[in-house]
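**Student:** Structure provided below as structure tokens; questions to follow.
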Amino acid sequence: MKRNILITGSSHGIGAGCAVAFARDEGANIGITCNRNPAGAEAVAAACEKYGVKTKIYAGDVGNHDHCRAMVEDFVKTFGKIDVLVNNAGGALKMPEGGFEKMPLEYWESQVNLNLNAPAYFSHFAMKNMIEHGIKGSIVNISSVHSQVTWVRRKVLPYTASKAGLNMF
């Protein structure tokens, strides 16, 4: 039986590599999420489909719990169930000029939403579905070495703090 895998942030980089590997090596159906790279998502879907699997692209803001809920619900509606969730979406957005004391709080919130809240939201909705349907699934959270050591020189404290929080989650 084919497994169904939803991978956040899978229009490029690590997420894209995971999507293609799961399609090629496991024959898994793949849900691809993207926010700013629809062309990349289309390319990843095409690369996966070469292995005879089904794919679907989900566009939305992973830091918004309503978008996360909608993506998981549509994924389950499309594929019938969710077996694996890979929380890969994340990144260090360009830090505004100035130090921490000059940083707009909206910047802090955007980083925490992307790197910590999004995995929690997706996990909440996916786990709820897995439990309701008796699926012994897996949830994988992708973090960063910078969760252990802050990137003070690059002034991305919100990124490192949110990835450290993800490790604790």
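FYI, nothing fancy with the structure tokens labels: chains A, B, ... in order, residues from 1 per chain, ligands from 1 as they appear.
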Hey, what's within 9 Å of Gln111 (chain A) if we count only C-alpha atoms and toss same-chain stuff fewer than 6 positions away? As a count of residues only, please?

**Tutor:** 8

**Student:** Would you return as a PyMOL selection string the members of chain A that DSSP assigns to alpha helix (DSSP H) on this structure's backbone?

**Tutor:** chain A and resi 13-21+38-49+65-79+105-112+118-132+157-168

**Student:** Measuring atom to atom with only C-alpha atoms, identify which of A:Gly134, A:Ile5, A:Phe122, A:Ala28 is nearest to Arg69 (chain A).

**Tutor:**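 Going through A:Gly134, A:Ile5, A:Phe122, A:Ala28 one by one, the smallest distance to Arg69 (chain A) is for A:Phe122.
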
**Student:** For CA of Leu116 (chain A) and CA of Ala47 (chain A), quote the distance in Å rounded to one decimal.

**Tutor:**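 These two atoms are separated by 28.8 Å.
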
**Student:** So, with only C-alpha atoms as the atoms that count, which of A:Asp83, A:Glu109, A:Glu101, A:Asp61 lies closest to Gly137 (chain A)?

**Tutor:**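 Among the listed residues, A:Asp83 lies closest to Gly137 (chain A).
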
**Student:** Taking only C-alpha atoms into account, which of A:Thr55, A:Asn4, A:Thr150, A:Ser11 comes nearest Ile135 (chain A)?

**Tutor:**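 Smallest separation from Ile135 (chain A) among the options: A:Asn4.
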
**Student:** Using only C-alpha atoms, can you tell me which of A:Ala16, A:Val44, A:Ile57, A:Val156 comes closest to Gly98 (chain A)?

**Tutor:** A:Val156

**Student:** Go ahead and compute the interatomic distance for CA of Phe22 (chain A) and CA of Leu6 (chain A), in Å to one decimal.

**Tutor:**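 Distance between the two atoms: 10.5 Å.
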
**Student:** Which polymer residues have any atom within 10 Å of an atom of Ser138 (chain A), counting only C-alpha atoms, with same-chain residues fewer than 5 positions away left out, as a list in words?

**Tutor:**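 Here the answer would be Ile5, Ile82, Asp83, Val84, Leu85, Val86, Ser123, Ala126, Met127 and Met130 of chain A.
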
**Student:** Produce a file of the selected residues containing N, CA, C and O atoms, as a compact mmCIF listing (two decimals), in the first residue's frame.

**Tutor:**
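Saved to selection-v8.txt:
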# COMPACT_ATOMS: atom_id res chain seq x y z
N ILE A 5 2.74 11.17 1.87
CA ILE A 5 3.67 11.99 2.63
C ILE A 5 3.48 13.46 2.28
O ILE A 5 3.55 13.84 1.11
N ILE A 82 -2.93 10.44 5.85
CA ILE A 82 -1.56 10.97 5.93
C ILE A 82 -0.74 9.98 6.75
O ILE A 82 -1.11 9.63 7.87
N ASP A 83 0.33 9.48 6.15
CA ASP A 83 1.20 8.53 6.82
C ASP A 83 2.43 9.20 7.43
O ASP A 83 2.90 8.78 8.48
N VAL A 84 2.95 10.18 6.72
CA VAL A 84 4.17 10.85 7.16
C VAL A 84 4.03 12.35 6.91
O VAL A 84 3.56 12.77 5.85
N LEU A 85 4.44 13.12 7.90
CA LEU A 85 4.53 14.57 7.77
C LEU A 85 6.00 14.94 7.97
O LEU A 85 6.62 14.54 8.96
N VAL A 86 6.56 15.68 7.02
CA VAL A 86 7.92 16.21 7.16
C VAL A 86 7.80 17.73 7.28
O VAL A 86 7.44 18.40 6.31
N SER A 123 1.79 19.55 12.75
CA SER A 123 1.82 18.34 13.58
C SER A 123 0.49 18.14 14.29
O SER A 123 -0.02 17.01 14.38
N ALA A 126 -2.08 16.98 11.61
CA ALA A 126 -1.73 15.65 11.07
C ALA A 126 -1.90 14.58 12.13
O ALA A 126 -2.46 13.50 11.87
N MET A 127 -1.41 14.84 13.34
CA MET A 127 -1.50 13.85 14.41
C MET A 127 -2.96 13.56 14.76
O MET A 127 -3.33 12.41 14.97
N MET A 130 -4.15 11.23 12.15
CA MET A 130 -3.54 9.91 12.31
C MET A 130 -4.21 9.13 13.45
O MET A 130 -4.53 7.95 13.30

**Student:** Which residues are near Ile142 (chain A)? Cut-off 10 Å, only C-alpha atoms, ignore same chain within fewer than 6 positions. Put them as number ranges by chain.

**Tutor:** A: 14-15, 86-90, 115, 119, 163, 166-167

**Student:** Step one, run DSSP on the backbone; step two, keep only residues of chain A assigned to strand (DSSP E or B); then write them as number ranges by chain.

**Tutor:** A: 4-7, 29-34, 55-59, 84-87, 138-141
